[in-house]
Amino acid sequence: MKLKLSPPSIFAAILVAALLLIQNSPGQHSPRRIAVIAKRFQFEPAAITLKKGEPVVLVLTSVDVPHGIRFRELGVEGKVGKGGTTEIAITPDRTGTFVGHCSVFCGSGHGEMTLTLHVVE
Amino acid sequence: MLRTFYFIVGALLIAILLVGCKAAPPGKGETAVMSWAKHKVFVGNKAQKNPLKDDAAGVAGGKEAFTHYCVACHGLDGQNTGVPFADRMSPPVPSLAGKDIQSYTDGQLKWIIDYGIWPSGMPGSKKTLSDDEIWSIVLYLRHLPPAGSLGEPEMYTH
């Protein structure tokens, strides 16, 4: 069988090669996913260590009432409904310790419901 | 003789209890004295500054935090709109847009929300609300909307 090099087949070959390259590119790893449980009146875990510039996704799950998380200094906020799950993308752009608070009023201990991010180099 | 003494003491105690239970609105003099005492003596934290930026996002955050439960007594606008018992408390629930409240410093407003004002009906909210939320509420108090512009709290409309 003789291979015929027509313009459409060349285009298709280039397209497949490009897609393979994109998939295997070292910079294209999907962000690390970190599961966080929200319940009255705490987050589990209560503290997480991240690397500066590393994209992560917080997978926030509520096991009781609606909750939320807000890191005011990082401009990050997300809310989760009763018994639901939401994903919050964070790429910290500076090092330090950042305390996030529950941003949906959930009862008498709401003010003490915090999640601490330690961002290191 | 002793019986008469006990009778008088008993009558006085009953009278004191009855007077103590009466929730009459405070007079002008009492209000003025208490207002002075609160501003100058009782309410602390006069010097602390609000760490939050005074911008539209900060005010919006404060408005949201205010609706957590402040609205039950202060209304959505902080001016008691739609609060059915605001005038019947002793002392009455003040308008947060009024001079008496607005003349507190930011730090004092934070202190009041933290610890409440005794013996008024204002409870302390420290630990129930985060510091961040309380400071954002202070921000909202400095930018209250016109009275009645936000309607009545949902809890009183059905």
# chains A, B, ... in the order shown; residues from 1 in each chain; ligands from 1
$ select_by_dssp --residues "chain B" --states "strand (DSSP E or B)" --output "VMD selection string"
chain B and resid 117 122 126 129
$ closest_atom_pairs --of "chain B" --to "chain A" --cutoff "9 Å" --atoms "only C-alpha atoms" --output "tab-separated table"
residue	atom	partner	partner_atom	distance
B:Ala65	CA	A:Phe105	CA	7.9
B:His68	CA	A:Phe105	CA	6.0
B:Tyr69	CA	A:Phe105	CA	8.7
B:Ser125	CA	A:Gly111	CA	8.5
B:Lys126	CA	A:Gly111	CA	7.2
B:Lys127	CA	A:Gly111	CA	4.4
B:Thr128	CA	A:Gly111	CA	4.5
B:Leu129	CA	A:Gly111	CA	3.8
B:Ser130	CA	A:Gly111	CA	3.8
B:Asp131	CA	A:Gly111	CA	7.4
B:Asp132	CA	A:His101	CA	8.0
B:Glu133	CA	A:Gly111	CA	8.1
$ write_last_selection --atoms "all heavy atoms" --output "short mmCIF file (atom, residue, chain, number, x, y, z; two decimals), in the first residue's frame"
data_model
loop_
_atom_site.label_atom_id
_atom_site.label_comp_id
_atom_site.auth_asym_id
_atom_site.auth_seq_id
_atom_site.Cartn_x
_atom_site.Cartn_y
_atom_site.Cartn_z
N ALA B 65 -22.15 40.78 55.97
CA ALA B 65 -21.97 40.31 57.35
C ALA B 65 -23.05 40.89 58.27
O ALA B 65 -23.54 40.20 59.17
CB ALA B 65 -20.58 40.72 57.86
N HIS B 68 -26.17 38.90 58.58
CA HIS B 68 -26.16 37.61 59.27
C HIS B 68 -27.17 37.60 60.40
O HIS B 68 -27.97 36.69 60.51
CB HIS B 68 -24.77 37.30 59.84
CG HIS B 68 -23.78 36.94 58.78
ND1 HIS B 68 -22.42 36.96 58.99
CD2 HIS B 68 -23.94 36.56 57.50
CE1 HIS B 68 -21.79 36.59 57.89
NE2 HIS B 68 -22.70 36.35 56.97
N TYR B 69 -27.11 38.58 61.26
CA TYR B 69 -28.16 38.65 62.28
C TYR B 69 -28.36 40.04 62.89
O TYR B 69 -29.29 40.24 63.64
CB TYR B 69 -27.99 37.58 63.36
CG TYR B 69 -26.82 37.73 64.28
CD1 TYR B 69 -26.88 38.58 65.38
CD2 TYR B 69 -25.67 36.99 64.10
CE1 TYR B 69 -25.81 38.70 66.25
CE2 TYR B 69 -24.61 37.11 64.95
CZ TYR B 69 -24.68 37.96 66.03
OH TYR B 69 -23.63 38.06 66.88
N SER B 125 -20.70 39.99 70.16
CA SER B 125 -20.65 39.02 69.05
C SER B 125 -19.26 38.45 68.82
O SER B 125 -19.01 37.82 67.79
CB SER B 125 -21.14 39.69 67.76
OG SER B 125 -22.48 40.07 67.89
N LYS B 126 -18.35 38.71 69.76
CA LYS B 126 -16.99 38.16 69.62
C LYS B 126 -17.09 36.64 69.56
O LYS B 126 -17.83 36.03 70.34
CB LYS B 126 -16.14 38.60 70.82
CG LYS B 126 -14.65 38.45 70.63
CD LYS B 126 -13.92 39.05 71.81
CE LYS B 126 -12.42 38.92 71.65
NZ LYS B 126 -11.88 39.72 70.55
N LYS B 127 -16.39 36.02 68.68
CA LYS B 127 -16.38 34.57 68.43
C LYS B 127 -17.59 34.11 67.61
O LYS B 127 -17.53 33.10 66.94
CB LYS B 127 -16.28 33.76 69.72
CG LYS B 127 -14.97 34.00 70.47
CD LYS B 127 -14.85 33.16 71.70
CE LYS B 127 -13.52 33.45 72.40
NZ LYS B 127 -13.38 32.70 73.64
N THR B 128 -18.71 34.83 67.72
CA THR B 128 -19.84 34.49 66.86
C THR B 128 -19.57 35.03 65.47
O THR B 128 -19.91 34.41 64.46
CB THR B 128 -21.15 35.07 67.42
OG1 THR B 128 -21.35 34.55 68.73
CG2 THR B 128 -22.34 34.72 66.57
N LEU B 129 -18.96 36.21 65.41
CA LEU B 129 -18.49 36.77 64.15
C LEU B 129 -16.97 36.88 64.23
O LEU B 129 -16.42 37.09 65.32
CB LEU B 129 -19.09 38.17 63.92
CG LEU B 129 -20.62 38.25 63.78
CD1 LEU B 129 -21.06 39.70 63.69
CD2 LEU B 129 -21.09 37.48 62.56
N SER B 130 -16.31 36.75 63.11
CA SER B 130 -14.85 36.88 63.11
C SER B 130 -14.47 38.36 63.19
O SER B 130 -15.28 39.24 62.88
CB SER B 130 -14.27 36.26 61.84
OG SER B 130 -14.67 37.02 60.71
N ASP B 131 -13.24 38.61 63.60
CA ASP B 131 -12.73 39.99 63.62
C ASP B 131 -12.88 40.65 62.25
O ASP B 131 -13.26 41.81 62.13
CB ASP B 131 -11.26 40.02 64.02
CG ASP B 131 -11.08 40.00 65.54
OD1 ASP B 131 -12.10 40.02 66.25
OD2 ASP B 131 -9.92 39.94 65.99
N ASP B 132 -12.56 39.86 61.23
CA ASP B 132 -12.65 40.35 59.85
C ASP B 132 -14.08 40.82 59.54
O ASP B 132 -14.29 41.90 58.97
CB ASP B 132 -12.24 39.21 58.92
CG ASP B 132 -12.12 39.63 57.48
OD1 ASP B 132 -11.14 40.30 57.15
OD2 ASP B 132 -13.02 39.31 56.69
N GLU B 133 -15.05 40.03 59.93
CA GLU B 133 -16.45 40.40 59.66
C GLU B 133 -16.86 41.62 60.48
O GLU B 133 -17.57 42.50 59.97
CB GLU B 133 -17.38 39.23 59.99
CG GLU B 133 -17.36 38.14 58.94
CD GLU B 133 -18.13 36.91 59.36
OE1 GLU B 133 -17.99 36.50 60.54
OE2 GLU B 133 -18.83 36.34 58.54
#
$ select_by_dssp --residues "chain B" --states "alpha helix (DSSP H)" --output "VMD selection string"
chain B and resid 2 to 21 28 to 37 56 to 69 71 to 74 99 to 102 106 to 115 131 to 141
$ atom_distance --atom1 "atom CA of B:Trp111" --atom2 "atom CA of B:Val43"
6.8 Å
$ residues_around --residues "stretch 76-93 of chain B" --least-positions-apart "3" --cutoff "10 Å" --atoms "only C-alpha atoms" --output "ChimeraX atom specification"
/B:22-27,31,63-64,66-67,69-73,96-98,119-122,140-141,143-157
$ residues_around --residues "stretch 84-88 of chain A" --least-positions-apart "3" --cutoff "8 Å" --atoms "only C-alpha atoms" --output "number ranges by chain"
A: 57-63, 76-81
$ closest_residue --among "B:Arg142, B:Tyr115, B:His158, B:Ser35" --to "B:Asp54" --atoms "only C-alpha atoms"
B:Arg142
$ residues_around --residues "A:Asp93" --least-positions-apart "2" --cutoff "7 Å" --atoms "only C-alpha atoms" --output "PDB file with N, CA and C atoms, in the first residue's frame"
ATOM      1  N   LYS A  52       4.557  28.803  47.149  1.00  0.00           N
ATOM      2  CA  LYS A  52       4.291  30.038  46.387  1.00  0.00           C
ATOM      3  C   LYS A  52       4.282  29.724  44.886  1.00  0.00           C
ATOM      4  N   GLY A  53       3.274  30.171  44.206  1.00  0.00           N
ATOM      5  CA  GLY A  53       3.178  29.985  42.761  1.00  0.00           C
ATOM      6  C   GLY A  53       2.605  28.642  42.331  1.00  0.00           C
ATOM      7  N   THR A  91      -3.695  30.113  43.596  1.00  0.00           N
ATOM      8  CA  THR A  91      -2.271  30.120  43.270  1.00  0.00           C
ATOM      9  C   THR A  91      -1.655  31.251  44.091  1.00  0.00           C
TER      10      THR A  91
END
$ atom_distance --atom1 "atom CA of A:Ile48" --atom2 "atom CA of A:Leu117"
5.0 Å
$ residues_around --residues "B:Lys53" --least-positions-apart "3" --cutoff "12 Å" --atoms "only C-alpha atoms" --output "mmCIF file with N, CA and C atoms, in the first residue's frame"
data_model
loop_
_atom_site.group_PDB
_atom_site.id
_atom_site.type_symbol
_atom_site.label_atom_id
_atom_site.label_comp_id
_atom_site.auth_asym_id
_atom_site.auth_seq_id
_atom_site.Cartn_x
_atom_site.Cartn_y
_atom_site.Cartn_z
ATOM 1 N N ARG A 72 -9.195 37.057 52.593
ATOM 2 C CA ARG A 72 -9.306 38.429 52.090
ATOM 3 C C ARG A 72 -8.007 38.904 51.457
ATOM 4 N N GLU A 73 -6.867 38.571 52.104
ATOM 5 C CA GLU A 73 -5.577 39.072 51.602
ATOM 6 C C GLU A 73 -5.218 38.471 50.248
ATOM 7 N N LYS B 49 -7.538 51.487 64.726
ATOM 8 C CA LYS B 49 -8.005 51.847 63.385
ATOM 9 C C LYS B 49 -8.555 50.614 62.675
ATOM 10 N N ASN B 50 -9.468 50.845 61.762
ATOM 11 C CA ASN B 50 -10.010 49.742 60.963
ATOM 12 C C ASN B 50 -8.949 49.277 59.966
ATOM 13 N N ALA B 56 -15.586 49.996 47.877
ATOM 14 C CA ALA B 56 -16.908 49.418 47.603
ATOM 15 C C ALA B 56 -16.965 47.943 47.990
ATOM 16 N N ALA B 57 -15.885 47.205 47.718
ATOM 17 C CA ALA B 57 -15.880 45.773 48.039
ATOM 18 C C ALA B 57 -15.946 45.559 49.549
ATOM 19 N N GLY B 58 -15.202 46.387 50.286
ATOM 20 C CA GLY B 58 -15.203 46.279 51.750
ATOM 21 C C GLY B 58 -16.579 46.565 52.328
ATOM 22 N N VAL B 59 -17.226 47.607 51.811
ATOM 23 C CA VAL B 59 -18.558 47.981 52.290
ATOM 24 C C VAL B 59 -19.565 46.877 51.951
ATOM 25 N N ALA B 60 -19.438 46.316 50.746
ATOM 26 C CA ALA B 60 -20.355 45.230 50.346
ATOM 27 C C ALA B 60 -20.179 44.022 51.263
ATOM 28 N N GLY B 61 -18.939 43.727 51.619
ATOM 29 C CA GLY B 61 -18.678 42.623 52.545
ATOM 30 C C GLY B 61 -19.294 42.894 53.902
ATOM 31 N N GLY B 62 -19.194 44.133 54.348
ATOM 32 C CA GLY B 62 -19.778 44.516 55.636
ATOM 33 C C GLY B 62 -21.290 44.425 55.622
ATOM 34 N N ASP B 132 -12.562 39.863 61.228
ATOM 35 C CA ASP B 132 -12.651 40.354 59.855
ATOM 36 C C ASP B 132 -14.076 40.822 59.541
ATOM 37 N N TRP B 135 -14.967 44.048 61.603
ATOM 38 C CA TRP B 135 -14.382 45.259 61.002
ATOM 39 C C TRP B 135 -15.127 45.642 59.720
ATOM 40 N N SER B 136 -15.556 44.642 58.963
ATOM 41 C CA SER B 136 -16.289 44.973 57.734
ATOM 42 C C SER B 136 -17.652 45.578 58.073
ATOM 43 N N VAL B 138 -18.176 47.451 60.689
ATOM 44 C CA VAL B 138 -17.848 48.844 61.057
ATOM 45 C C VAL B 138 -17.769 49.705 59.787
ATOM 46 N N LEU B 139 -17.171 49.123 58.759
ATOM 47 C CA LEU B 139 -17.074 49.834 57.475
ATOM 48 C C LEU B 139 -18.467 50.136 56.919
ATOM 49 N N TYR B 140 -19.332 49.138 56.977
ATOM 50 C CA TYR B 140 -20.709 49.323 56.482
ATOM 51 C C TYR B 140 -21.431 50.405 57.292
#
$ atom_distance --atom1 "atom CA of A:Val99" --atom2 "atom CA of A:Gly75"
12.0 Å
$ closest_residue --among "A:Pro92, A:Pro7, A:Leu115, A:Pro55" --to "A:Ala38" --atoms "only C-alpha atoms"
A:Leu115
$ closest_residue --among "A:Thr95, A:Thr49, A:Ser9, A:Gln42" --to "A:Glu121" --atoms "only C-alpha atoms"
A:Thr95
$ residues_around --residues "A:Lys82" --least-positions-apart "4" --cutoff "7 Å" --atoms "only C-alpha atoms" --output "JSON, numbers by chain"
{"A": [62, 64, 65, 66]}
$ write_last_selection --atoms "all heavy atoms" --output "compact mmCIF listing (two decimals), in the first residue's frame"
# COMPACT_ATOMS: atom_id res chain seq x y z
N SER A 62 -19.07 20.48 52.54
CA SER A 62 -19.80 20.73 53.79
C SER A 62 -20.50 19.45 54.21
O SER A 62 -21.15 18.79 53.40
CB SER A 62 -20.83 21.83 53.59
OG SER A 62 -21.76 21.80 54.66
N ASP A 64 -22.56 19.60 56.92
CA ASP A 64 -23.79 19.98 57.64
C ASP A 64 -24.47 21.16 56.94
O ASP A 64 -25.11 20.99 55.92
CB ASP A 64 -23.54 20.22 59.14
CG ASP A 64 -22.30 21.06 59.42
OD1 ASP A 64 -22.02 22.00 58.65
OD2 ASP A 64 -21.61 20.79 60.42
N VAL A 65 -24.29 22.35 57.48
CA VAL A 65 -24.99 23.53 56.96
C VAL A 65 -24.14 24.23 55.88
O VAL A 65 -22.98 23.87 55.69
CB VAL A 65 -25.29 24.52 58.11
CG1 VAL A 65 -26.19 23.86 59.15
CG2 VAL A 65 -24.00 24.99 58.76
N PRO A 66 -24.69 25.22 55.20
CA PRO A 66 -23.86 25.96 54.24
C PRO A 66 -22.66 26.64 54.92
O PRO A 66 -22.78 27.14 56.04
CB PRO A 66 -24.82 27.00 53.67
CG PRO A 66 -26.18 26.41 53.85
CD PRO A 66 -26.11 25.64 55.14
